[in-house]
file target_32.csv (CSV, C-alpha atoms)
chain,number,residue,atom,x,y,z
A,40,MET,CA,-131.6,-44.4,-117.1
A,41,ALA,CA,-129.2,-45.2,-119.9
A,42,CYS,CA,-131.9,-47.3,-121.6
A,43,ALA,CA,-134.5,-44.6,-121.2
A,44,ALA,CA,-132.0,-42.0,-122.7
A,45,GLU,CA,-132.0,-44.0,-125.9
A,46,LEU,CA,-135.8,-43.5,-126.3
A,47,PRO,CA,-137.2,-40.4,-128.0
A,48,ASP,CA,-138.9,-37.7,-125.9
A,49,ALA,CA,-142.2,-38.8,-127.6
A,50,GLY,CA,-142.1,-41.8,-125.3
A,51,LEU,CA,-143.3,-39.7,-122.5
A,52,ALA,CA,-146.5,-38.8,-124.3
A,53,THR,CA,-147.7,-42.4,-123.7
A,54,PRO,CA,-147.7,-44.4,-120.5
A,55,LEU,CA,-144.4,-45.9,-119.4
A,56,GLY,CA,-143.3,-47.5,-116.2
A,57,CYS,CA,-141.1,-49.5,-114.0
A,58,GLU,CA,-141.0,-53.0,-112.6
A,59,PHE,CA,-139.7,-52.7,-109.0
A,60,ARG,CA,-138.3,-55.8,-107.2
A,61,LEU,CA,-139.6,-55.4,-103.7
A,62,GLY,CA,-137.5,-58.0,-101.9
A,63,GLU,CA,-134.1,-56.8,-103.3
A,64,GLU,CA,-132.0,-53.9,-101.9
A,65,THR,CA,-130.4,-53.1,-105.3
A,66,PRO,CA,-131.9,-49.9,-106.6
A,67,ALA,CA,-132.7,-51.3,-110.1
A,68,ALA,CA,-135.8,-51.7,-112.1
A,69,ASP,CA,-137.0,-53.0,-115.5
A,70,LEU,CA,-138.6,-50.5,-117.9
A,71,PHE,CA,-141.6,-50.8,-120.1
A,72,VAL,CA,-143.2,-48.5,-122.7
A,73,VAL,CA,-146.5,-48.5,-124.5
A,74,VAL,CA,-146.3,-48.2,-128.3
A,75,GLY,CA,-149.4,-47.1,-130.1
A,76,PRO,CA,-149.9,-47.8,-133.8
A,77,GLY,CA,-148.5,-45.0,-135.9
A,78,SER,CA,-147.2,-43.1,-132.9
A,79,PRO,CA,-143.9,-41.2,-132.8
A,80,LEU,CA,-142.6,-44.0,-130.5
A,81,ALA,CA,-143.6,-46.6,-133.1
A,82,ARG,CA,-141.8,-44.7,-135.8
A,83,HIS,CA,-138.7,-44.6,-133.7
A,84,PHE,CA,-138.6,-48.4,-133.5
A,85,ILE,CA,-139.5,-48.8,-137.2
A,86,HIS,CA,-136.5,-46.5,-138.2
A,87,ARG,CA,-134.3,-48.4,-135.7
A,88,GLY,CA,-135.3,-51.7,-137.3
A,89,GLU,CA,-134.8,-50.5,-140.8
A,90,ALA,CA,-131.2,-49.6,-139.9
A,91,ALA,CA,-130.5,-53.0,-138.2
A,92,TYR,CA,-129.2,-56.0,-139.9
A,93,PRO,CA,-131.8,-58.3,-141.7
A,94,GLY,CA,-133.1,-61.0,-139.5
A,95,SER,CA,-132.4,-59.2,-136.2
A,96,GLU,CA,-135.0,-58.8,-133.4
A,97,ALA,CA,-135.1,-55.1,-134.1
A,98,THR,CA,-136.0,-55.8,-137.7
A,99,ALA,CA,-138.7,-58.2,-136.6
A,100,LEU,CA,-140.2,-55.6,-134.2
A,101,ALA,CA,-140.2,-53.0,-136.9
A,102,ARG,CA,-142.0,-55.3,-139.3
A,103,TYR,CA,-144.7,-55.9,-136.7
A,104,LEU,CA,-145.2,-52.2,-136.0
A,105,VAL,CA,-145.5,-51.4,-139.7
A,106,GLU,CA,-148.2,-54.0,-140.1
A,107,ILE,CA,-150.3,-53.0,-137.0
A,108,GLY,CA,-149.9,-49.4,-138.0
A,109,GLN,CA,-151.8,-50.0,-141.2
A,110,ALA,CA,-155.5,-49.0,-141.0
A,111,ASP,CA,-156.6,-52.2,-142.8
A,112,SER,CA,-154.4,-54.6,-140.8
A,113,ALA,CA,-156.1,-57.7,-139.6
A,114,LEU,CA,-154.2,-57.4,-136.3
A,115,HIS,CA,-156.5,-54.6,-135.2
A,116,GLY,CA,-159.3,-57.2,-134.7
A,117,CYS,CA,-157.3,-59.2,-132.1
A,118,ILE,CA,-154.7,-56.8,-130.6
A,119,ALA,CA,-155.7,-53.9,-128.4
A,120,GLY,CA,-152.3,-52.7,-127.4
A,121,THR,CA,-148.5,-53.3,-127.6
A,122,MET,CA,-146.1,-53.0,-124.7
A,123,LEU,CA,-142.3,-53.4,-124.8
A,124,GLU,CA,-140.5,-54.5,-121.7
A,125,TYR,CA,-136.7,-54.1,-121.1
A,126,ASP,CA,-135.1,-56.6,-118.7
A,127,LEU,CA,-132.5,-54.2,-117.1
A,128,ALA,CA,-132.2,-55.2,-113.5
A,129,GLU,CA,-130.4,-58.5,-114.3
A,130,THR,CA,-128.6,-57.3,-117.4
A,131,PRO,CA,-125.0,-56.0,-117.3
A,132,ALA,CA,-124.8,-52.2,-117.6
A,133,ASP,CA,-122.8,-52.4,-120.8
A,134,ARG,CA,-125.5,-54.4,-122.6
A,135,ARG,CA,-128.8,-53.2,-124.1
A,136,PRO,CA,-131.2,-56.2,-124.4
A,137,GLU,CA,-133.8,-56.3,-127.1
A,138,PRO,CA,-137.2,-55.7,-125.5
A,139,GLY,CA,-139.8,-58.3,-124.8
A,140,VAL,CA,-143.1,-57.8,-126.7
A,141,PHE,CA,-146.4,-58.1,-124.8
A,142,LEU,CA,-149.7,-57.9,-126.7
A,143,LYS,CA,-153.0,-56.9,-125.1
A,144,VAL,CA,-155.7,-59.2,-126.4
A,145,ARG,CA,-158.9,-57.7,-127.5
A,146,LEU,CA,-161.6,-59.3,-125.4
A,147,ALA,CA,-165.4,-59.3,-125.8
A,148,GLU,CA,-166.9,-56.5,-123.7
A,149,GLU,CA,-169.3,-58.9,-121.8
A,150,PRO,CA,-168.2,-62.5,-122.4
A,151,GLY,CA,-170.5,-65.2,-121.3
A,152,PRO,CA,-169.4,-68.2,-119.3
A,153,HIS,CA,-169.3,-70.5,-122.4
A,154,ASP,CA,-168.0,-68.0,-124.9
A,155,ARG,CA,-164.9,-69.2,-126.7
A,156,GLN,CA,-161.7,-67.2,-126.6
A,157,ARG,CA,-160.9,-65.4,-129.8
A,158,PRO,CA,-157.9,-66.8,-131.6
A,159,LEU,CA,-154.8,-65.5,-129.9
A,160,PRO,CA,-152.2,-63.5,-132.0
A,161,ILE,CA,-149.4,-66.0,-131.3
A,162,ALA,CA,-148.2,-65.8,-135.0
A,163,ALA,CA,-148.0,-62.0,-134.7
A,164,LEU,CA,-146.1,-62.3,-131.4
A,165,ALA,CA,-143.7,-64.8,-132.9
A,166,ASP,CA,-143.1,-62.5,-135.8
A,167,ALA,CA,-142.6,-59.5,-133.6
A,168,VAL,CA,-139.8,-61.1,-131.6
A,169,GLY,CA,-138.2,-62.7,-134.7
A,170,TRP,CA,-139.0,-66.3,-134.0
A,171,THR,CA,-139.0,-68.9,-136.7
A,172,ASP,CA,-140.0,-72.6,-136.5
A,173,ASP,CA,-142.3,-71.9,-133.6
A,174,GLY,CA,-144.8,-74.7,-134.3
A,175,GLU,CA,-144.0,-76.8,-131.2
A,176,VAL,CA,-144.5,-73.8,-128.9
A,177,ARG,CA,-147.8,-72.9,-130.6
A,178,ARG,CA,-149.1,-76.5,-130.2
A,179,SER,CA,-148.2,-76.4,-126.5
A,180,VAL,CA,-150.1,-73.1,-126.1
A,181,ALA,CA,-153.1,-74.7,-127.8
A,182,ARG,CA,-153.0,-77.5,-125.2
A,183,VAL,CA,-152.9,-75.0,-122.4
A,184,LEU,CA,-155.9,-73.1,-123.8
A,185,ALA,CA,-157.9,-76.3,-124.1
A,186,ALA,CA,-157.4,-77.0,-120.4
A,187,LEU,CA,-158.7,-73.6,-119.2
A,188,PRO,CA,-162.1,-73.6,-117.4
A,189,PRO,CA,-165.2,-72.1,-119.1
A,190,GLY,CA,-165.0,-68.4,-119.0
A,191,GLY,CA,-161.2,-68.2,-118.5
A,192,ARG,CA,-159.7,-65.6,-120.8
A,193,VAL,CA,-156.2,-64.8,-121.9
A,194,ALA,CA,-155.8,-61.0,-121.5
A,195,HIS,CA,-152.1,-60.7,-122.6
A,196,VAL,CA,-149.6,-62.7,-124.5
A,197,GLY,CA,-145.9,-62.0,-124.5
A,198,ALA,CA,-142.4,-63.2,-125.3
A,199,LEU,CA,-138.9,-62.2,-124.4
A,200,PRO,CA,-136.5,-62.9,-127.2
A,201,GLY,CA,-133.4,-63.1,-125.1
A,202,ARG,CA,-134.6,-65.8,-122.7
A,203,THR,CA,-134.2,-69.5,-123.0
A,204,PRO,CA,-136.0,-71.8,-123.4
A,205,ARG,CA,-138.3,-70.1,-125.9
A,206,ALA,CA,-141.7,-69.6,-124.3
A,207,VAL,CA,-144.9,-67.7,-124.6
A,208,ARG,CA,-146.3,-65.9,-121.5
A,209,LEU,CA,-150.1,-66.2,-121.1
A,210,VAL,CA,-151.8,-63.9,-118.6
A,211,ILE,CA,-155.2,-65.4,-117.8
A,212,GLN,CA,-158.2,-63.8,-116.1
A,213,GLU,CA,-161.7,-64.7,-115.0
A,214,ILE,CA,-160.5,-67.8,-113.0
A,215,GLY,CA,-162.1,-68.2,-109.6
A,216,ARG,CA,-159.9,-68.3,-106.5
A,217,ASP,CA,-161.3,-71.7,-105.7
A,218,GLU,CA,-160.5,-73.0,-109.2
A,219,ILE,CA,-156.8,-72.1,-109.1
A,220,GLY,CA,-155.5,-75.5,-107.8
A,221,GLY,CA,-157.6,-77.5,-110.3
A,222,VAL,CA,-156.6,-75.3,-113.2
A,223,LEU,CA,-152.9,-75.6,-112.4
A,224,GLU,CA,-153.2,-79.3,-112.2
A,225,ARG,CA,-155.0,-79.5,-115.5
A,226,LEU,CA,-152.4,-77.3,-117.1
A,227,GLY,CA,-149.7,-79.8,-116.0
A,228,ARG,CA,-147.8,-77.6,-113.7
A,229,ARG,CA,-145.2,-79.5,-111.7
A,230,GLY,CA,-144.8,-78.8,-108.0
A,231,SER,CA,-147.2,-77.8,-105.3
A,232,VAL,CA,-150.0,-75.4,-105.9
A,233,GLY,CA,-150.3,-74.7,-102.2
A,234,PRO,CA,-148.3,-71.4,-102.2
A,235,ALA,CA,-150.5,-69.9,-104.9
A,236,THR,CA,-153.7,-70.7,-103.1
A,237,GLU,CA,-152.2,-69.4,-99.8
A,238,ILE,CA,-151.2,-66.1,-101.5
A,239,LEU,CA,-154.6,-65.5,-102.9
A,240,ALA,CA,-156.2,-66.2,-99.6
A,241,ASP,CA,-153.8,-64.0,-97.6
A,242,LEU,CA,-154.0,-61.0,-100.0
A,243,GLY,CA,-157.6,-61.3,-101.1
A,244,GLU,CA,-158.8,-58.6,-98.7
A,245,VAL,CA,-156.5,-55.9,-100.1
A,246,LEU,CA,-156.0,-57.2,-103.6
A,247,PRO,CA,-159.3,-58.8,-104.6
A,248,ARG,CA,-158.7,-59.3,-108.4
A,249,PHE,CA,-156.1,-61.4,-109.9
A,250,ARG,CA,-154.7,-62.8,-113.2
A,251,LEU,CA,-152.7,-66.0,-113.6
A,252,SER,CA,-149.4,-65.7,-115.5
A,253,VAL,CA,-147.8,-68.8,-116.9
A,254,ASP,CA,-144.9,-69.4,-119.3
A,255,VAL,CA,-145.5,-72.1,-122.0
A,256,ALA,CA,-142.6,-73.7,-123.8
A,257,ALA,CA,-142.5,-76.5,-126.3
A,258,ALA,CA,-142.3,-79.1,-123.5
A,259,GLY,CA,-145.2,-77.5,-121.6
A,260,LEU,CA,-145.5,-75.2,-118.6
A,261,LEU,CA,-142.3,-73.9,-117.1
A,262,PRO,CA,-142.1,-74.1,-113.2
A,263,ARG,CA,-142.4,-70.3,-112.8
A,264,LEU,CA,-145.9,-69.2,-111.8
A,265,GLY,CA,-147.0,-65.6,-111.5
A,266,LEU,CA,-150.0,-64.1,-109.7
A,267,GLU,CA,-150.9,-60.6,-110.9
A,268,LEU,CA,-152.9,-59.0,-108.0
A,269,TYR,CA,-155.0,-55.9,-108.5
A,270,HIS,CA,-156.5,-53.3,-106.1
A,271,ALA,CA,-160.3,-53.0,-106.7
A,272,GLY,CA,-159.8,-49.5,-108.0
A,273,SER,CA,-157.0,-50.3,-110.4
A,274,TRP,CA,-158.8,-53.2,-112.1
A,275,SER,CA,-160.0,-52.1,-115.5
A,276,GLY,CA,-160.8,-53.5,-118.9
A,277,GLU,CA,-159.6,-51.0,-121.5
A,278,LEU,CA,-158.5,-48.1,-119.2
A,279,ASP,CA,-155.3,-47.8,-117.3
A,280,GLY,CA,-156.7,-48.4,-113.8
A,281,TRP,CA,-153.6,-47.0,-112.1
A,282,LEU,CA,-154.6,-43.5,-113.1
A,283,ILE,CA,-157.6,-43.6,-110.7
A,284,THR,CA,-155.9,-44.9,-107.5
A,285,GLY,CA,-153.6,-43.1,-105.1
A,286,ARG,CA,-151.4,-43.5,-102.1
A,287,SER,CA,-154.2,-44.1,-99.6
A,288,ASP,CA,-155.5,-47.0,-101.8
A,289,TRP,CA,-152.2,-48.8,-101.8
A,290,ARG,CA,-151.0,-48.2,-98.2
A,291,PRO,CA,-152.8,-51.3,-96.9
A,292,VAL,CA,-151.4,-53.4,-99.7
A,293,VAL,CA,-147.8,-52.2,-99.1
A,294,GLU,CA,-148.2,-52.7,-95.3
A,295,ARG,CA,-149.4,-56.3,-95.9
A,296,LEU,CA,-146.6,-57.1,-98.2
A,297,ALA,CA,-144.0,-55.8,-95.8
A,298,ARG,CA,-145.5,-57.8,-92.9
A,299,ARG,CA,-145.2,-60.9,-94.9
A,300,GLY,CA,-141.6,-60.2,-95.6
A,301,TRP,CA,-142.1,-59.9,-99.4
A,302,CYS,CA,-141.3,-56.1,-99.4
A,303,LEU,CA,-138.3,-54.4,-97.8
A,304,ALA,CA,-139.1,-51.4,-95.6
A,305,ALA,CA,-137.2,-49.0,-97.9
A,306,LYS,CA,-139.1,-50.3,-100.9
A,307,ALA,CA,-142.4,-50.0,-99.1
A,308,ARG,CA,-141.7,-46.3,-98.4
A,309,GLY,CA,-140.6,-45.8,-102.0
A,310,LEU,CA,-143.8,-47.3,-103.4
A,311,LEU,CA,-146.0,-45.0,-101.4
A,312,GLU,CA,-143.8,-42.0,-102.4
A,313,TRP,CA,-144.1,-43.1,-106.0
A,314,CYS,CA,-147.9,-42.4,-105.9
A,315,ALA,CA,-147.8,-38.7,-106.6
A,316,LEU,CA,-148.5,-35.8,-109.0
A,317,ASP,CA,-145.3,-33.9,-109.7
A,318,ARG,CA,-144.5,-30.9,-111.8
A,319,ILE,CA,-141.5,-30.4,-114.1
A,320,TYR,CA,-140.5,-26.9,-115.3
A,321,ASP,CA,-138.5,-26.2,-118.5
A,322,SER,CA,-138.4,-23.7,-121.4
A,323,ARG,CA,-141.6,-25.2,-122.9
A,324,GLY,CA,-143.7,-24.7,-119.8
A,325,VAL,CA,-145.0,-26.8,-116.9
A,326,PHE,CA,-145.3,-30.6,-117.3
A,327,LEU,CA,-147.6,-32.6,-115.1
A,328,VAL,CA,-146.2,-36.0,-114.2
A,329,TYR,CA,-148.7,-38.5,-112.7
A,330,LYS,CA,-147.2,-41.6,-111.1
A,331,GLY,CA,-149.3,-44.5,-109.8
A,332,LEU,CA,-149.3,-48.3,-109.1
A,333,ASN,CA,-151.0,-50.7,-111.5
A,334,HIS,CA,-150.6,-54.1,-109.8
A,335,VAL,CA,-148.4,-56.3,-107.7
A,336,LYS,CA,-147.0,-59.6,-109.0
A,337,LEU,CA,-146.1,-62.5,-106.8
A,338,THR,CA,-143.9,-65.0,-108.6
A,339,VAL,CA,-143.8,-68.6,-107.2
A,340,THR,CA,-140.8,-70.8,-107.9
A,341,ASP,CA,-139.2,-73.8,-106.2
A,342,ALA,CA,-136.9,-71.2,-104.5
A,343,GLY,CA,-139.8,-69.3,-102.9
A,344,VAL,CA,-141.9,-66.2,-103.5
A,345,ASP,CA,-140.7,-62.9,-105.0
A,346,ALA,CA,-142.7,-59.8,-105.2
A,347,LYS,CA,-142.7,-57.0,-107.8
A,348,ALA,CA,-144.7,-53.8,-108.2
A,349,TYR,CA,-145.7,-52.5,-111.6
A,350,ALA,CA,-145.7,-48.7,-111.6
A,351,GLY,CA,-146.9,-46.4,-114.3
A,352,MET,CA,-146.1,-42.8,-115.3
A,353,THR,CA,-147.4,-40.2,-117.7
A,354,CYS,CA,-146.1,-36.8,-118.6
A,355,SER,CA,-148.1,-34.0,-120.3
A,356,LEU,CA,-147.7,-30.3,-120.9
A,357,MET,CA,-150.1,-28.1,-119.0
A,358,GLN,CA,-152.3,-26.0,-121.3
A,359,ASP,CA,-152.9,-22.3,-120.7
call {"tool": "encode", "arguments": {"input": "target_32.csv", "output": "structure tokens"}}
result
Amino acid sequence: MACAAELPDAGLATPLGCEFRLGEETPAADLFVVVGPGSPLARHFIHRGEAAYPGSEATALARYLVEIGQADSALHGCIAGTMLEYDLAETPADRRPEPGVFLKVRLAEEPGPHDRQRPLPIAALADAVGWTDDGEVRRSVARVLAALPPGGRVAHVGALPGRTPRAVRLVIQEIGRDEIGGVLERLGRRGSVGPATEILADLGEVLPRFRLSVDVAAAGLLPRLGLELYHAGSWSGELDGWLITGRSDWRPVVERLARRGWCLAAKARGLLEWCALDRIYDSRGVFLVYKGLNHVKLTVTDAGVDAKAYAGMTCSLMQD
């Protein structure tokens, strides 16, 4: 709440959301906001960066937002959207971490199985988080891309400036469930790929679409592996799919996660209660608040499996 209070009211005019940790009792969540080029929220971060000290992460983010906000910017050809993520759940209350930057890659509308991935905006991402001397990471990313199967596409790239080691997150789609083991082996992931294949098999009935999330550092893939799992109704290319699903769509998903022990009973109830259309009344009128679930993420590490739910929210003033 303290982090959200620092954001301008204009932030509610665009989708924002929370990252809920389903296996932890602590009532904490990470926060993310969508920043459109030239939007009031973009201007907020630009002004904030201009007031920060030169060379800071805030200055780097402002520089990126200024560039992508220009109508003739070359970034428009490869970046379809920008999202900022605040790691709050594991951050002391008296600290305000700089947000991670996640870029939605502009994909071909109907890619063929042998189409090449467009060049990824890794340089723009590095600039947005204030990285310098990122050549080793970029070469490591290039090696990962070369190992992807035909048709595999990177849908999002991201980086969190406060984390070490420095790494780029790649979110990859259009990989077959039967390909996942071979893909991870080609990418050089250390450790068993069995848990990932078991998760996909166990949840495929209720979450049929998935993306693979990997972190790529200079030395190669980090051990952490993410599976972003989507309800059939929430999977969408350019649209926010969570706007067209509701509580009844997600109930079987939540029940399955709870049975597997990946979601606490209280969090299961909370997720279903989140899916709702609410009203807020103030002096300006009546606001409609739509809340929905976008996807579930299962993170596989040597310590086991952790589940998170990514929930979105929009707020708009009702018109007479």
call {"tool": "atom_distance", "arguments": {"input": "target_32.csv", "atom1": "atom CA of A:Trp274", "atom2": "atom CA of A:Gly331"}}
result
13.1 Å
call {"tool": "closest_residue", "arguments": {"input": "target_32.csv", "among": "A:Asp166, A:Asp317, A:Asp48, A:Glu237", "to": "A:Tyr103", "atoms": "all atoms listed in the file"}}
result
A:Asp166
call {"tool": "closest_residue", "arguments": {"input": "target_32.csv", "among": "A:Arg157, A:Arg308, A:Arg182, A:Arg250", "to": "A:Ile219", "atoms": "all atoms listed in the file"}}
result
A:Arg250
call {"tool": "atom_distance", "arguments": {"input": "target_32.csv", "atom1": "atom CA of A:Ala258", "atom2": "atom CA of A:Arg177"}}
result
10.9 Å
call {"tool": "residues_around", "arguments": {"input": "target_32.csv", "residues": "stretch 60-62 of chain A", "least_positions_apart": "3", "cutoff": "9 Å", "atoms": "all atoms listed in the file", "output": "list in words"}}
result
Thr65, Pro66, Ala67, Ala68, Asp69, Ala128, Gly300, Trp301, Cys302, Leu303, Ala305, Lys306, Ala307, Asp345, Ala346, Lys347 and Ala348 of chain A
call {"tool": "residues_around", "arguments": {"input": "target_32.csv", "residues": "A:Ala97", "least_positions_apart": "3", "cutoff": "10 Å", "atoms": "only C-alpha atoms", "output": "short mmCIF file (atom, residue, chain, number, x, y, z; two decimals) with C-alpha atoms, keeping the file's coordinate frame"}}
result
data_model
loop_
_atom_site.label_atom_id
_atom_site.label_comp_id
_atom_site.auth_asym_id
_atom_site.auth_seq_id
_atom_site.Cartn_x
_atom_site.Cartn_y
_atom_site.Cartn_z
CA PHE A 84 -138.60 -48.40 -133.50
CA ILE A 85 -139.50 -48.80 -137.20
CA HIS A 86 -136.50 -46.50 -138.20
CA ARG A 87 -134.30 -48.40 -135.70
CA GLY A 88 -135.30 -51.70 -137.30
CA GLU A 89 -134.80 -50.50 -140.80
CA ALA A 90 -131.20 -49.60 -139.90
CA ALA A 91 -130.50 -53.00 -138.20
CA TYR A 92 -129.20 -56.00 -139.90
CA PRO A 93 -131.80 -58.30 -141.70
CA GLY A 94 -133.10 -61.00 -139.50
CA LEU A 100 -140.20 -55.60 -134.20
CA ALA A 101 -140.20 -53.00 -136.90
CA ARG A 102 -142.00 -55.30 -139.30
CA TYR A 103 -144.70 -55.90 -136.70
CA GLU A 137 -133.80 -56.30 -127.10
CA PRO A 138 -137.20 -55.70 -125.50
CA ALA A 167 -142.60 -59.50 -133.60
CA VAL A 168 -139.80 -61.10 -131.60
CA GLY A 169 -138.20 -62.70 -134.70
#
call {"tool": "atom_distance", "arguments": {"input": "target_32.csv", "atom1": "atom CA of A:Asp173", "atom2": "atom CA of A:Leu251"}}
result
23.3 Å
call {"tool": "closest_residue", "arguments": {"input": "target_32.csv", "among": "A:Arg216, A:Lys143, A:Arg178, A:Lys336", "to": "A:Val196", "atoms": "all atoms listed in the file"}}
result
A:Lys143
call {"tool": "closest_residue", "arguments": {"input": "target_32.csv", "among": "A:Ala44, A:Ile283, A:Val207, A:Leu242", "to": "A:Lys330", "atoms": "all atoms listed in the file"}}
result
A:Ile283
call {"tool": "closest_residue", "arguments": {"input": "target_32.csv", "among": "A:Met357, A:Ala185, A:Leu311, A:Leu142", "to": "A:Leu114", "atoms": "all atoms listed in the file"}}
result
A:Leu142
call {"tool": "closest_residue", "arguments": {"input": "target_32.csv", "among": "A:Leu184, A:Gly324, A:Ala297, A:His334", "to": "A:Ala271", "atoms": "only C-alpha atoms"}}
result
A:His334
call {"tool": "residues_around", "arguments": {"input": "target_32.csv", "residues": "stretch 119-121 of chain A", "least_positions_apart": "4", "cutoff": "12 Å", "atoms": "all atoms listed in the file", "output": "ChimeraX atom specification"}}
result
/A:53-55,71-78,80-81,100,103-104,107-108,113-115,138-147,159-160,163-164,167,194-198,276-279
call {"tool": "write_last_selection", "arguments": {"input": "target_32.csv", "atoms": "C-alpha atoms", "output": "PDB file, keeping the file's coordinate frame"}}
result
ATOM      1  CA  THR A  53    -147.700 -42.400-123.700  1.00  0.00           C
ATOM      2  CA  PRO A  54    -147.700 -44.400-120.500  1.00  0.00           C
ATOM      3  CA  LEU A  55    -144.400 -45.900-119.400  1.00  0.00           C
ATOM      4  CA  PHE A  71    -141.600 -50.800-120.100  1.00  0.00           C
ATOM      5  CA  VAL A  72    -143.200 -48.500-122.700  1.00  0.00           C
ATOM      6  CA  VAL A  73    -146.500 -48.500-124.500  1.00  0.00           C
ATOM      7  CA  VAL A  74    -146.300 -48.200-128.300  1.00  0.00           C
ATOM      8  CA  GLY A  75    -149.400 -47.100-130.100  1.00  0.00           C
ATOM      9  CA  PRO A  76    -149.900 -47.800-133.800  1.00  0.00           C
ATOM     10  CA  GLY A  77    -148.500 -45.000-135.900  1.00  0.00           C
ATOM     11  CA  SER A  78    -147.200 -43.100-132.900  1.00  0.00           C
ATOM     12  CA  LEU A  80    -142.600 -44.000-130.500  1.00  0.00           C
ATOM     13  CA  ALA A  81    -143.600 -46.600-133.100  1.00  0.00           C
ATOM     14  CA  LEU A 100    -140.200 -55.600-134.200  1.00  0.00           C
ATOM     15  CA  TYR A 103    -144.700 -55.900-136.700  1.00  0.00           C
ATOM     16  CA  LEU A 104    -145.200 -52.200-136.000  1.00  0.00           C
ATOM     17  CA  ILE A 107    -150.300 -53.000-137.000  1.00  0.00           C
ATOM     18  CA  GLY A 108    -149.900 -49.400-138.000  1.00  0.00           C
ATOM     19  CA  ALA A 113    -156.100 -57.700-139.600  1.00  0.00           C
ATOM     20  CA  LEU A 114    -154.200 -57.400-136.300  1.00  0.00           C
ATOM     21  CA  HIS A 115    -156.500 -54.600-135.200  1.00  0.00           C
ATOM     22  CA  PRO A 138    -137.200 -55.700-125.500  1.00  0.00           C
ATOM     23  CA  GLY A 139    -139.800 -58.300-124.800  1.00  0.00           C
ATOM     24  CA  VAL A 140    -143.100 -57.800-126.700  1.00  0.00           C
ATOM     25  CA  PHE A 141    -146.400 -58.100-124.800  1.00  0.00           C
ATOM     26  CA  LEU A 142    -149.700 -57.900-126.700  1.00  0.00           C
ATOM     27  CA  LYS A 143    -153.000 -56.900-125.100  1.00  0.00           C
ATOM     28  CA  VAL A 144    -155.700 -59.200-126.400  1.00  0.00           C
ATOM     29  CA  ARG A 145    -158.900 -57.700-127.500  1.00  0.00           C
ATOM     30  CA  LEU A 146    -161.600 -59.300-125.400  1.00  0.00           C
ATOM     31  CA  ALA A 147    -165.400 -59.300-125.800  1.00  0.00           C
ATOM     32  CA  LEU A 159    -154.800 -65.500-129.900  1.00  0.00           C
ATOM     33  CA  PRO A 160    -152.200 -63.500-132.000  1.00  0.00           C
ATOM     34  CA  ALA A 163    -148.000 -62.000-134.700  1.00  0.00           C
ATOM     35  CA  LEU A 164    -146.100 -62.300-131.400  1.00  0.00           C
ATOM     36  CA  ALA A 167    -142.600 -59.500-133.600  1.00  0.00           C
ATOM     37  CA  ALA A 194    -155.800 -61.000-121.500  1.00  0.00           C
ATOM     38  CA  HIS A 195    -152.100 -60.700-122.600  1.00  0.00           C
ATOM     39  CA  VAL A 196    -149.600 -62.700-124.500  1.00  0.00           C
ATOM     40  CA  GLY A 197    -145.900 -62.000-124.500  1.00  0.00           C
ATOM     41  CA  ALA A 198    -142.400 -63.200-125.300  1.00  0.00           C
ATOM     42  CA  GLY A 276    -160.800 -53.500-118.900  1.00  0.00           C
ATOM     43  CA  GLU A 277    -159.600 -51.000-121.500  1.00  0.00           C
ATOM     44  CA  LEU A 278    -158.500 -48.100-119.200  1.00  0.00           C
ATOM     45  CA  ASP A 279    -155.300 -47.800-117.300  1.00  0.00           C
TER      46      ASP A 279
END
call {"tool": "residues_near_point", "arguments": {"input": "target_32.csv", "point": "(-158.4, -49.5, -98.8)", "cutoff": "10 Å", "atoms": "all atoms listed in the file", "output": "list in words"}}
result
Glu244, Val245, Leu246, His270, Ala271, Gly272, Arg286, Ser287, Asp288, Trp289, Arg290, Pro291 and Val292 of chain A
call {"tool": "residues_around", "arguments": {"input": "target_32.csv", "residues": "A:Pro188", "least_positions_apart": "5", "cutoff": "10 Å", "atoms": "all atoms listed in the file", "output": "mmCIF file with C-alpha atoms, in the coordinates of the input"}}
result
data_model
loop_
_atom_site.group_PDB
_atom_site.id
_atom_site.type_symbol
_atom_site.label_atom_id
_atom_site.label_comp_id
_atom_site.auth_asym_id
_atom_site.auth_seq_id
_atom_site.Cartn_x
_atom_site.Cartn_y
_atom_site.Cartn_z
ATOM 1 C CA PRO A 152 -169.400 -68.200 -119.300
ATOM 2 C CA HIS A 153 -169.300 -70.500 -122.400
ATOM 3 C CA GLU A 213 -161.700 -64.700 -115.000
ATOM 4 C CA ILE A 214 -160.500 -67.800 -113.000
ATOM 5 C CA GLY A 215 -162.100 -68.200 -109.600
ATOM 6 C CA GLU A 218 -160.500 -73.000 -109.200
ATOM 7 C CA ILE A 219 -156.800 -72.100 -109.100
ATOM 8 C CA GLY A 221 -157.600 -77.500 -110.300
ATOM 9 C CA VAL A 222 -156.600 -75.300 -113.200
ATOM 10 C CA ARG A 225 -155.000 -79.500 -115.500
#
call {"tool": "decode", "arguments": {"input": "target_32.csv", "residues": "stretch 103-115 of chain A", "atoms": "C-alpha atoms", "output": "short mmCIF file (atom, residue, chain, number, x, y, z; two decimals), in the first residue's frame"}}
result
data_model
loop_
_atom_site.label_atom_id
_atom_site.label_comp_id
_atom_site.auth_asym_id
_atom_site.auth_seq_id
_atom_site.Cartn_x
_atom_site.Cartn_y
_atom_site.Cartn_z
CA TYR A 103 13.84 4.85 -21.89
CA LEU A 104 10.31 6.22 -21.41
CA VAL A 105 11.24 9.47 -23.15
CA GLU A 106 12.58 7.52 -26.14
CA ILE A 107 9.66 5.14 -26.52
CA GLY A 108 7.26 8.05 -26.13
CA GLN A 109 8.57 9.66 -29.31
CA ALA A 110 6.41 8.96 -32.35
CA ASP A 111 9.41 8.23 -34.58
CA SER A 112 11.19 5.99 -32.07
CA ALA A 113 12.58 2.77 -33.52
CA LEU A 114 11.48 1.00 -30.34
CA HIS A 115 7.86 0.98 -31.50
#
